[in-house]
>>> print(open('run_30.pdb').read())   # PDB, C-alpha atoms
ATOM      1  CA  MET A   1       0.000   0.000   0.000
ATOM      2  CA  ALA A   2       1.127   3.507  -0.659
ATOM      3  CA  VAL A   3       0.010   7.099  -0.344
ATOM      4  CA  LEU A   4      -0.326   8.362  -3.908
ATOM      5  CA  ASP A   5       0.473  11.870  -5.121
ATOM      6  CA  VAL A   6      -2.647  14.040  -5.239
ATOM      7  CA  LEU A   7      -3.001  16.202  -8.331
ATOM      8  CA  THR A   8      -3.849  19.815  -7.663
ATOM      9  CA  TYR A   9      -5.633  22.388  -9.787
ATOM     10  CA  PRO A  10      -4.791  23.449 -12.534
ATOM     11  CA  ASP A  11      -3.567  19.987 -13.504
ATOM     12  CA  PRO A  12      -5.470  19.289 -16.758
ATOM     13  CA  ARG A  13      -6.143  15.672 -15.749
ATOM     14  CA  LEU A  14      -8.644  16.984 -13.190
ATOM     15  CA  LYS A  15     -10.764  18.209 -16.118
ATOM     16  CA  GLU A  16     -10.910  14.832 -17.901
ATOM     17  CA  ILE A  17     -13.906  12.517 -17.999
ATOM     18  CA  ALA A  18     -13.015   9.203 -16.379
ATOM     19  CA  ALA A  19     -13.723   5.847 -18.040
ATOM     20  CA  PRO A  20     -15.865   3.089 -16.494
ATOM     21  CA  VAL A  21     -14.065   0.233 -14.762
ATOM     22  CA  GLU A  22     -14.423  -3.025 -16.685
ATOM     23  CA  ARG A  23     -12.205  -5.460 -14.800
ATOM     24  CA  PHE A  24     -12.744  -6.137 -11.115
ATOM     25  CA  ASP A  25      -9.416  -7.787 -10.434
ATOM     26  CA  GLU A  26      -6.589  -7.761  -7.909
ATOM     27  CA  ALA A  27      -5.038  -4.739  -9.596
ATOM     28  CA  LEU A  28      -8.256  -2.786  -9.013
ATOM     29  CA  ARG A  29      -8.418  -3.820  -5.356
ATOM     30  CA  ALA A  30      -4.754  -2.900  -4.849
ATOM     31  CA  PHE A  31      -5.442   0.519  -6.326
ATOM     32  CA  VAL A  32      -8.506   0.994  -4.098
ATOM     33  CA  ALA A  33      -6.333   0.214  -1.063
ATOM     34  CA  ASP A  34      -3.810   2.852  -2.151
ATOM     35  CA  LEU A  35      -6.572   5.354  -2.865
ATOM     36  CA  ASP A  36      -8.001   4.725   0.586
ATOM     37  CA  GLU A  37      -4.635   5.281   2.221
ATOM     38  CA  THR A  38      -4.229   8.498   0.244
ATOM     39  CA  MET A  39      -7.641   9.739   1.432
ATOM     40  CA  ARG A  40      -6.757   8.984   5.053
ATOM     41  CA  ASP A  41      -3.502  10.867   4.615
ATOM     42  CA  GLY A  42      -5.378  14.000   3.482
ATOM     43  CA  PRO A  43      -6.260  16.159   6.497
ATOM     44  CA  GLY A  44      -9.957  15.905   7.258
ATOM     45  CA  ALA A  45     -10.844  14.279   3.951
ATOM     46  CA  VAL A  46     -14.091  12.283   3.826
ATOM     47  CA  GLY A  47     -13.744  11.267   0.195
ATOM     48  CA  ILE A  48     -11.459  10.868  -2.770
ATOM     49  CA  ALA A  49     -11.837  10.077  -6.461
ATOM     50  CA  ALA A  50      -9.411   8.187  -8.693
ATOM     51  CA  PRO A  51      -8.780  11.132 -11.063
ATOM     52  CA  GLN A  52      -7.363  13.064  -8.105
ATOM     53  CA  VAL A  53      -4.388  10.713  -8.195
ATOM     54  CA  GLY A  54      -4.204  10.728 -11.987
ATOM     55  CA  ARG A  55      -6.106   7.476 -12.638
ATOM     56  CA  LEU A  56      -8.906   8.300 -15.050
ATOM     57  CA  GLU A  57     -11.311   5.582 -13.973
ATOM     58  CA  ARG A  58     -14.715   5.824 -12.302
ATOM     59  CA  ILE A  59     -13.693   4.913  -8.754
ATOM     60  CA  VAL A  60     -14.612   6.850  -5.616
ATOM     61  CA  ILE A  61     -14.242   6.294  -1.881
ATOM     62  CA  VAL A  62     -16.403   8.111   0.674
ATOM     63  CA  ASP A  63     -16.200   7.561   4.406
ATOM     64  CA  CYS A  64     -18.001   9.903   6.799
ATOM     65  CA  SER A  65     -17.886   7.463   9.724
ATOM     66  CA  GLY A  66     -15.217   9.475  11.533
ATOM     67  CA  ARG A  67     -17.468  12.505  11.993
ATOM     68  CA  LYS A  68     -19.657  13.196  14.974
ATOM     69  CA  ASN A  69     -23.424  13.512  14.481
ATOM     70  CA  THR A  70     -23.221  12.601  10.807
ATOM     71  CA  PRO A  71     -25.589   9.882   9.542
ATOM     72  CA  ASN A  72     -23.489   7.684   7.278
ATOM     73  CA  HIS A  73     -23.088   4.314   5.589
ATOM     74  CA  GLY A  74     -19.532   3.765   6.751
ATOM     75  CA  HIS A  75     -16.725   3.125   4.325
ATOM     76  CA  MET A  76     -18.088   3.117   0.770
ATOM     77  CA  VAL A  77     -16.061   2.012  -2.246
ATOM     78  CA  LEU A  78     -18.071   3.184  -5.256
ATOM     79  CA  VAL A  79     -17.056   1.864  -8.660
ATOM     80  CA  ASN A  80     -18.922   3.160 -11.711
ATOM     81  CA  PRO A  81     -21.299   5.134  -9.471
ATOM     82  CA  GLU A  82     -24.511   6.539 -10.926
ATOM     83  CA  ILE A  83     -26.738   8.974  -9.115
ATOM     84  CA  SER A  84     -30.255   8.046 -10.195
ATOM     85  CA  GLU A  85     -32.361  10.418  -8.078
ATOM     86  CA  TRP A  86     -31.885  13.865  -6.597
ATOM     87  CA  ASP A  87     -34.166  15.538  -4.067
ATOM     88  CA  GLY A  88     -34.074  18.968  -2.419
ATOM     89  CA  TYR A  89     -31.137  21.318  -2.436
ATOM     90  CA  ALA A  90     -28.923  23.030   0.097
ATOM     91  CA  VAL A  91     -25.896  25.268   0.134
ATOM     92  CA  GLY A  92     -22.897  23.938   1.992
ATOM     93  CA  ARG A  93     -19.192  24.547   2.332
ATOM     94  CA  GLU A  94     -16.734  22.384   0.436
ATOM     95  CA  GLY A  95     -13.009  22.079   0.091
ATOM     96  CA  CYS A  96     -10.893  19.630  -1.863
ATOM     97  CA  LEU A  97      -7.579  17.828  -1.586
ATOM     98  CA  SER A  98      -6.942  19.033  -5.144
ATOM     99  CA  VAL A  99      -7.638  22.684  -4.251
ATOM    100  CA  PRO A 100      -5.600  23.396  -1.107
ATOM    101  CA  ASP A 101      -6.245  26.391   1.148
ATOM    102  CA  TYR A 102      -9.629  27.352  -0.245
ATOM    103  CA  THR A 103     -13.225  26.494   0.573
ATOM    104  CA  GLY A 104     -16.414  27.741  -0.995
ATOM    105  CA  ASN A 105     -20.177  27.367  -1.043
ATOM    106  CA  VAL A 106     -21.785  24.887  -3.400
ATOM    107  CA  ILE A 107     -25.424  23.911  -4.002
ATOM    108  CA  ARG A 108     -26.054  20.152  -3.843
ATOM    109  CA  ALA A 109     -29.036  17.864  -3.630
ATOM    110  CA  GLU A 110     -29.958  17.045  -0.045
ATOM    111  CA  ARG A 111     -30.899  13.461  -0.793
ATOM    112  CA  ILE A 112     -29.699  11.163  -3.545
ATOM    113  CA  THR A 113     -30.162   7.599  -4.660
ATOM    114  CA  LEU A 114     -26.939   5.998  -5.773
ATOM    115  CA  GLU A 115     -26.159   2.792  -7.648
ATOM    116  CA  ALA A 116     -22.581   1.523  -7.835
ATOM    117  CA  LYS A 117     -20.412  -1.578  -7.855
ATOM    118  CA  ASP A 118     -18.030  -2.384  -5.058
ATOM    119  CA  GLU A 119     -14.372  -3.346  -5.649
ATOM    120  CA  ASN A 120     -15.436  -6.961  -6.278
ATOM    121  CA  GLY A 121     -18.034  -6.011  -8.868
ATOM    122  CA  ALA A 122     -21.048  -6.584  -6.637
ATOM    123  CA  ALA A 123     -23.960  -4.220  -7.210
ATOM    124  CA  GLN A 124     -24.895  -1.906  -4.342
ATOM    125  CA  SER A 125     -27.502   0.776  -3.850
ATOM    126  CA  PHE A 126     -27.659   3.608  -1.322
ATOM    127  CA  GLU A 127     -30.114   6.246  -0.166
ATOM    128  CA  LEU A 128     -27.938   9.086   1.085
ATOM    129  CA  GLU A 129     -28.664  12.436   2.660
ATOM    130  CA  GLY A 130     -27.023  15.539   4.061
ATOM    131  CA  PHE A 131     -23.283  15.660   4.541
ATOM    132  CA  GLU A 132     -22.695  12.172   3.140
ATOM    133  CA  ALA A 133     -24.815  12.880   0.050
ATOM    134  CA  ARG A 134     -22.823  16.081  -0.466
ATOM    135  CA  ALA A 135     -19.517  14.207  -0.209
ATOM    136  CA  VAL A 136     -20.653  11.651  -2.801
ATOM    137  CA  GLN A 137     -21.809  14.366  -5.215
ATOM    138  CA  HIS A 138     -18.464  16.132  -4.799
ATOM    139  CA  GLU A 139     -16.565  12.921  -5.600
ATOM    140  CA  VAL A 140     -18.777  11.841  -8.506
ATOM    141  CA  ASP A 141     -18.163  15.296  -9.999
ATOM    142  CA  HIS A 142     -14.444  14.442 -10.137
ATOM    143  CA  LEU A 143     -15.294  11.531 -12.477
ATOM    144  CA  ASP A 144     -16.811  14.024 -14.907
ATOM    145  CA  GLY A 145     -13.945  16.499 -14.763
ATOM    146  CA  MET A 146     -15.787  18.875 -12.421
ATOM    147  CA  LEU A 147     -14.321  20.572  -9.362
ATOM    148  CA  PHE A 148     -16.326  22.375  -6.683
ATOM    149  CA  LEU A 149     -14.770  25.530  -8.131
ATOM    150  CA  ASP A 150     -16.991  24.958 -11.186
ATOM    151  CA  ARG A 151     -20.081  25.166  -8.966
ATOM    152  CA  LEU A 152     -19.242  28.014  -6.562
ATOM    153  CA  VAL A 153     -22.013  30.269  -5.374
ATOM    154  CA  SER A 154     -21.503  33.462  -3.401
ATOM    155  CA  ARG A 155     -20.103  33.237   0.082
ATOM    156  CA  ARG A 156     -21.955  36.417   0.808
ATOM    157  CA  SER A 157     -25.501  35.319   0.190
ATOM    158  CA  ASP A 158     -27.246  33.520   2.970
ATOM    159  CA  LEU A 159     -28.750  30.551   1.211
ATOM    160  CA  PHE A 160     -28.255  28.220   4.133
ATOM    161  CA  ARG A 161     -31.124  26.139   5.379
ATOM    162  CA  ARG A 162     -31.131  27.567   8.834
ATOM    163  CA  LYS A 163     -32.589  26.100  11.920
ATOM    164  CA  LYS A 164     -34.712  28.575  13.781
ATOM    165  CA  TYR A 165     -33.054  29.574  17.018
ATOM    166  CA  LYS A 166     -35.216  30.809  19.860
TER     167      LYS A 166
ATOM    168  CA  MET B   1      12.490  43.212  -1.903
ATOM    169  CA  ASN B   2       8.823  42.494  -2.496
ATOM    170  CA  GLU B   3       6.681  43.284   0.537
ATOM    171  CA  TRP B   4       2.967  43.177   1.204
ATOM    172  CA  PHE B   5       1.020  46.362   1.724
ATOM    173  CA  LEU B   6      -2.598  46.847   2.697
ATOM    174  CA  ILE B   7      -4.262  49.507   0.627
ATOM    175  CA  THR B   8      -7.609  51.057   1.465
ATOM    176  CA  LEU B   9      -9.457  52.979  -1.240
ATOM    177  CA  PHE B  10     -12.926  54.434  -1.491
ATOM    178  CA  GLY B  11     -14.850  56.936  -3.534
ATOM    179  CA  ASP B  12     -18.200  57.695  -5.164
ATOM    180  CA  ASP B  13     -19.355  54.452  -6.753
ATOM    181  CA  ARG B  14     -19.174  54.328 -10.541
ATOM    182  CA  PRO B  15     -18.350  51.656 -13.121
ATOM    183  CA  GLY B  16     -14.643  50.978 -13.653
ATOM    184  CA  ILE B  17     -13.060  51.711 -10.280
ATOM    185  CA  VAL B  18     -11.705  48.179  -9.763
ATOM    186  CA  ALA B  19     -10.521  47.964 -13.371
ATOM    187  CA  ALA B  20      -8.693  51.304 -13.205
ATOM    188  CA  VAL B  21      -7.071  50.653  -9.821
ATOM    189  CA  THR B  22      -5.928  47.131 -10.627
ATOM    190  CA  LYS B  23      -4.609  48.173 -14.052
ATOM    191  CA  ALA B  24      -2.476  50.877 -12.444
ATOM    192  CA  LEU B  25      -1.143  48.315  -9.962
ATOM    193  CA  PHE B  26      -0.461  45.748 -12.669
ATOM    194  CA  ASP B  27       1.290  48.289 -14.879
ATOM    195  CA  GLY B  28       3.369  49.262 -11.850
ATOM    196  CA  GLY B  29       4.576  45.673 -11.353
ATOM    197  CA  CYS B  30       2.419  44.862  -8.316
ATOM    198  CA  ASN B  31       0.841  41.556  -7.372
ATOM    199  CA  LEU B  32      -2.563  41.359  -5.716
ATOM    200  CA  GLY B  33      -3.447  39.098  -2.811
ATOM    201  CA  GLU B  34      -6.673  38.725  -0.878
ATOM    202  CA  ALA B  35      -9.147  41.569  -1.074
ATOM    203  CA  SER B  36     -12.521  42.703   0.153
ATOM    204  CA  MET B  37     -14.431  45.103  -2.081
ATOM    205  CA  ILE B  38     -17.976  46.297  -1.552
ATOM    206  CA  ARG B  39     -20.324  49.211  -2.091
ATOM    207  CA  LEU B  40     -20.914  50.969   1.225
ATOM    208  CA  GLY B  41     -23.320  53.881   1.520
ATOM    209  CA  GLY B  42     -23.103  54.803  -2.164
ATOM    210  CA  ASN B  43     -19.304  54.658  -2.116
ATOM    211  CA  PHE B  44     -17.239  51.823  -3.427
ATOM    212  CA  SER B  45     -14.642  50.585  -0.978
ATOM    213  CA  ILE B  46     -11.592  48.419  -1.520
ATOM    214  CA  MET B  47      -9.331  46.769   1.019
ATOM    215  CA  MET B  48      -6.632  44.820  -0.734
ATOM    216  CA  MET B  49      -3.313  43.104  -0.157
ATOM    217  CA  VAL B  50      -0.776  44.357  -2.691
ATOM    218  CA  ARG B  51       2.792  43.161  -3.130
ATOM    219  CA  HIS B  52       5.170  45.756  -4.419
ATOM    220  CA  ALA B  53       8.934  46.163  -4.753
ATOM    221  CA  GLY B  54       9.082  49.751  -3.503
ATOM    222  CA  ASP B  55       8.005  51.439  -0.286
ATOM    223  CA  ALA B  56       4.577  52.796   0.706
ATOM    224  CA  THR B  57       5.319  56.204  -0.793
ATOM    225  CA  ALA B  58       6.198  54.670  -4.141
ATOM    226  CA  LEU B  59       2.971  52.674  -4.095
ATOM    227  CA  GLU B  60       0.962  55.798  -3.351
ATOM    228  CA  ARG B  61       2.702  57.573  -6.210
ATOM    229  CA  LEU B  62       1.828  54.707  -8.520
ATOM    230  CA  LEU B  63      -1.865  55.089  -7.703
ATOM    231  CA  GLN B  64      -1.908  58.899  -7.698
ATOM    232  CA  PRO B  65      -3.170  59.364 -11.280
ATOM    233  CA  VAL B  66      -6.129  56.997 -10.853
ATOM    234  CA  VAL B  67      -6.868  58.388  -7.390
ATOM    235  CA  GLU B  68      -7.120  61.861  -8.887
ATOM    236  CA  THR B  69      -9.105  60.850 -11.948
ATOM    237  CA  LEU B  70     -11.706  58.956  -9.919
ATOM    238  CA  SER B  71     -11.602  61.227  -6.828
ATOM    239  CA  LEU B  72     -10.696  58.356  -4.512
ATOM    240  CA  ARG B  73      -9.359  58.421  -0.982
ATOM    241  CA  LEU B  74      -6.280  56.240  -0.594
ATOM    242  CA  HIS B  75      -4.428  54.878   2.381
ATOM    243  CA  VAL B  76      -1.374  52.615   2.202
ATOM    244  CA  ASP B  77       0.175  50.670   5.071
ATOM    245  CA  ALA B  78       3.088  48.267   5.263
ATOM    246  CA  PHE B  79       1.546  44.960   6.256
ATOM    247  CA  ALA B  80       2.939  41.916   8.015
ATOM    248  CA  GLY B  81       0.262  39.663   6.480
ATOM    249  CA  GLU B  82       0.903  36.694   4.233
ATOM    250  CA  LEU B  83      -1.172  34.514   1.936
ATOM    251  CA  HIS B  84      -2.292  31.003   2.882
ATOM    252  CA  ARG B  85      -3.230  31.863   6.425
ATOM    253  CA  HIS B  86      -6.897  31.062   6.093
ATOM    254  CA  LYS B  87      -8.898  29.936   9.062
ATOM    255  CA  GLU B  88     -11.854  27.732   8.303
ATOM    256  CA  PRO B  89     -15.041  29.022   9.878
ATOM    257  CA  ASP B  90     -17.208  26.381  11.535
ATOM    258  CA  VAL B  91     -20.196  28.545  12.387
ATOM    259  CA  ARG B  92     -22.390  31.050  10.613
ATOM    260  CA  ILE B  93     -24.453  33.549  12.572
ATOM    261  CA  THR B  94     -27.139  35.862  11.269
ATOM    262  CA  VAL B  95     -28.573  38.565  13.505
ATOM    263  CA  PHE B  96     -31.281  41.040  12.604
ATOM    264  CA  GLY B  97     -33.730  43.378  14.209
ATOM    265  CA  ALA B  98     -35.114  46.911  14.306
ATOM    266  CA  ASP B  99     -32.080  49.181  14.133
ATOM    267  CA  ARG B 100     -30.914  50.775  17.347
ATOM    268  CA  ALA B 101     -27.567  51.897  18.707
ATOM    269  CA  GLY B 102     -25.472  49.171  20.304
ATOM    270  CA  ILE B 103     -26.606  45.979  18.534
ATOM    271  CA  VAL B 104     -23.188  45.118  17.157
ATOM    272  CA  ALA B 105     -21.387  45.863  20.398
ATOM    273  CA  GLN B 106     -23.860  43.846  22.418
ATOM    274  CA  VAL B 107     -23.962  40.844  20.092
ATOM    275  CA  THR B 108     -20.265  40.634  19.300
ATOM    276  CA  GLY B 109     -19.372  41.271  22.945
ATOM    277  CA  ALA B 110     -21.455  38.312  24.059
ATOM    278  CA  LEU B 111     -20.133  36.123  21.248
ATOM    279  CA  ALA B 112     -16.491  37.031  21.899
ATOM    280  CA  GLU B 113     -16.910  36.078  25.532
ATOM    281  CA  ALA B 114     -18.355  32.742  24.409
ATOM    282  CA  GLY B 115     -15.296  32.047  22.270
ATOM    283  CA  LEU B 116     -16.243  33.282  18.799
ATOM    284  CA  ASN B 117     -13.345  34.293  16.564
ATOM    285  CA  ILE B 118     -14.902  36.236  13.668
ATOM    286  CA  VAL B 119     -13.426  35.428  10.260
ATOM    287  CA  ASP B 120     -15.867  37.421   8.154
ATOM    288  CA  LEU B 121     -18.536  39.903   9.124
ATOM    289  CA  GLU B 122     -20.864  41.981   7.037
ATOM    290  CA  THR B 123     -23.579  44.293   8.220
ATOM    291  CA  ASP B 124     -26.230  46.185   6.362
ATOM    292  CA  VAL B 125     -29.123  48.476   7.085
ATOM    293  CA  GLY B 126     -32.321  47.824   5.170
ATOM    294  CA  GLY B 127     -35.928  48.764   5.711
ATOM    295  CA  THR B 128     -36.899  52.410   5.361
ATOM    296  CA  GLU B 129     -35.465  55.654   6.708
ATOM    297  CA  ASP B 130     -38.005  55.795   9.509
ATOM    298  CA  LYS B 131     -38.042  52.044  10.165
ATOM    299  CA  PRO B 132     -34.520  50.786   9.524
ATOM    300  CA  ILE B 133     -33.617  47.119   9.967
ATOM    301  CA  TYR B 134     -30.120  46.108  10.985
ATOM    302  CA  ILE B 135     -28.771  42.854   9.507
ATOM    303  CA  MET B 136     -25.476  41.255  10.467
ATOM    304  CA  GLN B 137     -24.010  38.094   8.981
ATOM    305  CA  MET B 138     -20.814  36.572  10.211
ATOM    306  CA  GLU B 139     -18.739  33.455   9.952
ATOM    307  CA  GLY B 140     -16.192  32.403  12.492
ATOM    308  CA  GLU B 141     -14.581  29.790  14.657
ATOM    309  CA  ALA B 142     -16.556  28.650  17.678
ATOM    310  CA  THR B 143     -13.543  27.973  19.870
ATOM    311  CA  GLN B 144     -15.754  26.918  22.798
ATOM    312  CA  GLY B 145     -18.356  25.156  20.674
ATOM    313  CA  ILE B 146     -21.616  26.301  19.131
ATOM    314  CA  GLU B 147     -23.728  25.642  22.223
ATOM    315  CA  ALA B 148     -21.732  28.294  24.101
ATOM    316  CA  LEU B 149     -22.642  30.806  21.369
ATOM    317  CA  ARG B 150     -26.331  29.888  21.568
ATOM    318  CA  GLN B 151     -26.342  30.437  25.296
ATOM    319  CA  ALA B 152     -24.538  33.746  24.934
ATOM    320  CA  LEU B 153     -27.147  35.043  22.495
ATOM    321  CA  ALA B 154     -30.191  33.798  24.409
ATOM    322  CA  PRO B 155     -30.585  36.878  26.649
ATOM    323  CA  ILE B 156     -30.147  39.185  23.653
ATOM    324  CA  THR B 157     -32.740  37.422  21.527
ATOM    325  CA  ALA B 158     -35.134  37.640  24.470
ATOM    326  CA  GLU B 159     -34.982  41.423  23.937
ATOM    327  CA  GLY B 160     -36.365  41.172  20.397
ATOM    328  CA  ILE B 161     -33.262  40.740  18.267
ATOM    329  CA  GLU B 162     -33.408  37.616  16.119
ATOM    330  CA  ALA B 163     -30.432  35.325  15.739
ATOM    331  CA  ASP B 164     -29.753  32.169  13.787
ATOM    332  CA  ILE B 165     -26.713  30.047  14.478
ATOM    333  CA  ALA B 166     -25.844  27.267  12.047
ATOM    334  CA  PRO B 167     -22.786  25.054  11.904
ATOM    335  CA  ILE B 168     -20.671  25.099   8.759
ATOM    336  CA  ASP B 169     -19.784  21.475   8.063
ATOM    337  CA  THR B 170     -17.141  21.575   5.372
ATOM    338  CA  VAL B 171     -16.897  18.554   3.065
ATOM    339  CA  ILE B 172     -13.270  17.917   2.145
ATOM    340  CA  GLY B 173     -13.006  15.495  -0.728
TER     341      GLY B 173
END
>>> encode(input="run_30.pdb", output="structure tokens")
Amino acid sequence: MAVLDVLTYPDPRLKEIAAPVERFDEALRAFVADLDETMRDGPGAVGIAAPQVGRLERIVIVDCSGRKNTPNHGHMVLVNPEISEWDGYAVGREGCLSVPDYTGNVIRAERITLEAKDENGAAQSFELEGFEARAVQHEVDHLDGMLFLDRLVSRRSDLFRRKKYK
Amino acid sequence: MNEWFLITLFGDDRPGIVAAVTKALFDGGCNLGEASMIRLGGNFSIMMMVRHAGDATALERLLQPVVETLSLRLHVDAFAGELHRHKEPDVRITVFGADRAGIVAQVTGALAEAGLNIVDLETDVGGTEDKPIYIMQMEGEATQGIEALRQALAPITAEGIEADIAPIDTVIG
């Protein structure tokens, strides 16, 4: 296992569209292990996508299990992920291992339905919401050459879903 | 040696102020850093980090023509700041109510005591001349947690000022 080099903007590979994975073999699982180690090496990262380490394949890892008060599905390896349903929207803050020292506001769906394979090729399906759904949308964007920078909305406008405080 | 300066500029708002100021700086060999620019009270205001090889006087001289053409007020200070010193806010607070003297002092005083380090704060006055509304939005670090901030604001909101406190949960991916 190894921590891989993370590409940073403006590396042109971050703008490429990644290809679907066709072979679920040992090489894929070895890469997923490296990708996972790379994510854990990134400070505070809850997700990573293969293009961020220069591998233009549709592979994503999301793991929000280390965060307090965050509903989550644990450690998810998502190969060839497809978001099939979107519901609601919310503004939230995002940052990226590939865009150091900057965070910004992005609008994402609050709830999504996701179909993907795992690293062995088994089909899986998830209903995700909130922070975890946001993390998955951020990572799936990487597979289509999109960074959160492409989706920034103003930091100055208050579009947050706020809880009423009395 | 290239040093950072903080320049403050304001003047009657009109199209082209940012373009003219930044062109003069670029032509003079300066580099720009972080900046905050906003229309305040019919004026346009600029606070901007500028890196420049000369001293403050030279920087002022560089901007003199555009300052005169656009009738701007200019202030230049040497500045110990650097880039890449961001702090990530973890809380966003919105406060609003009928305008009266002392809202900001009261609210920020209570929040500071409860551990808030403000990273970004913007206030505005809306409503009408005879019924103004004061609106304050800020982001910061809740160094003693968000619950401490809620408790600090409770007595103030009991007096008719409204406050919303929401965590900022940043996705890093």
>>> residues_around(input="run_30.pdb", residues="stretch 27-34 of chain B", least_positions_apart="6", cutoff="9 Å", atoms="only C-alpha atoms", output="PyMOL selection string")
chain B and resi 2+4+47-53+59+62-63+82-83
>>> resolve_selection(input="run_30.pdb", expression="the PyMOL selection byres ((chain A) within 6 of (chain B))", output="MDAnalysis selection string")
chainID A and resid 45:48 93:97 165
>>> residues_around(input="run_30.pdb", residues="stretch 104-108 of chain A", least_positions_apart="4", cutoff="10 Å", atoms="only C-alpha atoms", output="ChimeraX atom specification")
/A:86-96,112,130-131,133-135,137-138,148-157,159-160 /B:170
>>> resolve_selection(input="run_30.pdb", expression="the PyMOL selection byres ((chain A and resi 124-126) around 9)", output="VMD selection string")
chain A and resid 73 78 112 to 118 122 to 123 127 to 128
>>> residues_around(input="run_30.pdb", residues="A:Asp41", least_positions_apart="5", cutoff="10 Å", atoms="only C-alpha atoms", output="PyMOL selection string")
chain A and resi 3-4+35-36
>>> residues_around(input="run_30.pdb", residues="A:Met76", least_positions_apart="6", cutoff="9 Å", atoms="all atoms listed in the file", output="MDAnalysis selection string")
chainID A and resid 60:63 118
>>> atom_distance(input="run_30.pdb", atom1="atom CA of A:Val99", atom2="atom CA of A:Ala18")
18.9 Å
>>> residues_near_point(input="run_30.pdb", point="(-14.0, 29.8, 24.7)", cutoff="12 Å", atoms="only C-alpha atoms", output="PDB file with C-alpha atoms, in the frame of the given file")
ATOM      1  CA  ALA B 110     -21.455  38.312  24.059  1.00  0.00           C
ATOM      2  CA  LEU B 111     -20.133  36.123  21.248  1.00  0.00           C
ATOM      3  CA  ALA B 112     -16.491  37.031  21.899  1.00  0.00           C
ATOM      4  CA  GLU B 113     -16.910  36.078  25.532  1.00  0.00           C
ATOM      5  CA  ALA B 114     -18.355  32.742  24.409  1.00  0.00           C
ATOM      6  CA  GLY B 115     -15.296  32.047  22.270  1.00  0.00           C
ATOM      7  CA  LEU B 116     -16.243  33.282  18.799  1.00  0.00           C
ATOM      8  CA  ASN B 117     -13.345  34.293  16.564  1.00  0.00           C
ATOM      9  CA  GLU B 141     -14.581  29.790  14.657  1.00  0.00           C
ATOM     10  CA  ALA B 142     -16.556  28.650  17.678  1.00  0.00           C
ATOM     11  CA  THR B 143     -13.543  27.973  19.870  1.00  0.00           C
ATOM     12  CA  GLN B 144     -15.754  26.918  22.798  1.00  0.00           C
ATOM     13  CA  GLY B 145     -18.356  25.156  20.674  1.00  0.00           C
ATOM     14  CA  ILE B 146     -21.616  26.301  19.131  1.00  0.00           C
ATOM     15  CA  GLU B 147     -23.728  25.642  22.223  1.00  0.00           C
ATOM     16  CA  ALA B 148     -21.732  28.294  24.101  1.00  0.00           C
ATOM     17  CA  LEU B 149     -22.642  30.806  21.369  1.00  0.00           C
ATOM     18  CA  ALA B 152     -24.538  33.746  24.934  1.00  0.00           C
TER      19      ALA B 152
END
>>> atom_distance(input="run_30.pdb", atom1="atom CA of B:Ala98", atom2="atom CA of B:Ile161")
7.6 Å
>>> resolve_selection(input="run_30.pdb", expression="the PyMOL selection byres ((chain A and resi 1) around 7)", output="list in words")
Ala2, Ala33 and Asp34 of chain A
>>> atom_distance(input="run_30.pdb", atom1="atom CA of A:Glu129", atom2="atom CA of A:Cys64")
11.7 Å
>>> residues_around(input="run_30.pdb", residues="B:Ala80", least_positions_apart="5", cutoff="10 Å", atoms="all atoms listed in the file", output="short mmCIF file (atom, residue, chain, number, x, y, z; two decimals) with C-alpha atoms, keeping the file's coordinate frame")
data_model
loop_
_atom_site.label_atom_id
_atom_site.label_comp_id
_atom_site.auth_asym_id
_atom_site.auth_seq_id
_atom_site.Cartn_x
_atom_site.Cartn_y
_atom_site.Cartn_z
CA GLU B 3 6.68 43.28 0.54
CA TRP B 4 2.97 43.18 1.20
CA PHE B 5 1.02 46.36 1.72
CA LEU B 6 -2.60 46.85 2.70
#
>>> closest_residue(input="run_30.pdb", among="A:Ala109, A:Met146, A:Val79, A:Ile17", to="A:Arg29", atoms="only C-alpha atoms")
A:Val79
>>> residues_near_point(input="run_30.pdb", point="(-24.3, 52.8, 15.9)", cutoff="12 Å", atoms="all atoms listed in the file", output="list in words")
Asp99, Arg100, Ala101, Gly102, Ile103, Val104, Ala105, Gln106, Thr123, Asp124, Val125 and Tyr134 of chain B
>>> write_last_selection(input="run_30.pdb", atoms="C-alpha atoms", output="JSON list (two decimals), in the frame of the given file")
[["chain", "number", "residue", "atom", "x", "y", "z"],
["B", 99, "ASP", "CA", -32.08, 49.18, 14.13],
["B", 100, "ARG", "CA", -30.91, 50.78, 17.35],
["B", 101, "ALA", "CA", -27.57, 51.90, 18.71],
["B", 102, "GLY", "CA", -25.47, 49.17, 20.30],
["B", 103, "ILE", "CA", -26.61, 45.98, 18.53],
["B", 104, "VAL", "CA", -23.19, 45.12, 17.16],
["B", 105, "ALA", "CA", -21.39, 45.86, 20.40],
["B", 106, "GLN", "CA", -23.86, 43.85, 22.42],
["B", 123, "THR", "CA", -23.58, 44.29, 8.22],
["B", 124, "ASP", "CA", -26.23, 46.18, 6.36],
["B", 125, "VAL", "CA", -29.12, 48.48, 7.08],
["B", 134, "TYR", "CA", -30.12, 46.11, 10.98]]
>>> decode(input="run_30.pdb", residues="stretch 94-105 of chain A", atoms="C-alpha atoms", output="compact mmCIF listing (two decimals), in the first residue's frame")
# COMPACT_ATOMS: atom_id res chain seq x y z
CA GLU A 94 -16.73 22.38 0.44
CA GLY A 95 -13.01 22.08 0.09
CA CYS A 96 -10.89 19.63 -1.86
CA LEU A 97 -7.58 17.83 -1.59
CA SER A 98 -6.94 19.03 -5.14
CA VAL A 99 -7.64 22.68 -4.25
CA PRO A 100 -5.60 23.40 -1.11
CA ASP A 101 -6.24 26.39 1.15
CA TYR A 102 -9.63 27.35 -0.25
CA THR A 103 -13.23 26.49 0.57
CA GLY A 104 -16.41 27.74 -0.99
CA ASN A 105 -20.18 27.37 -1.04
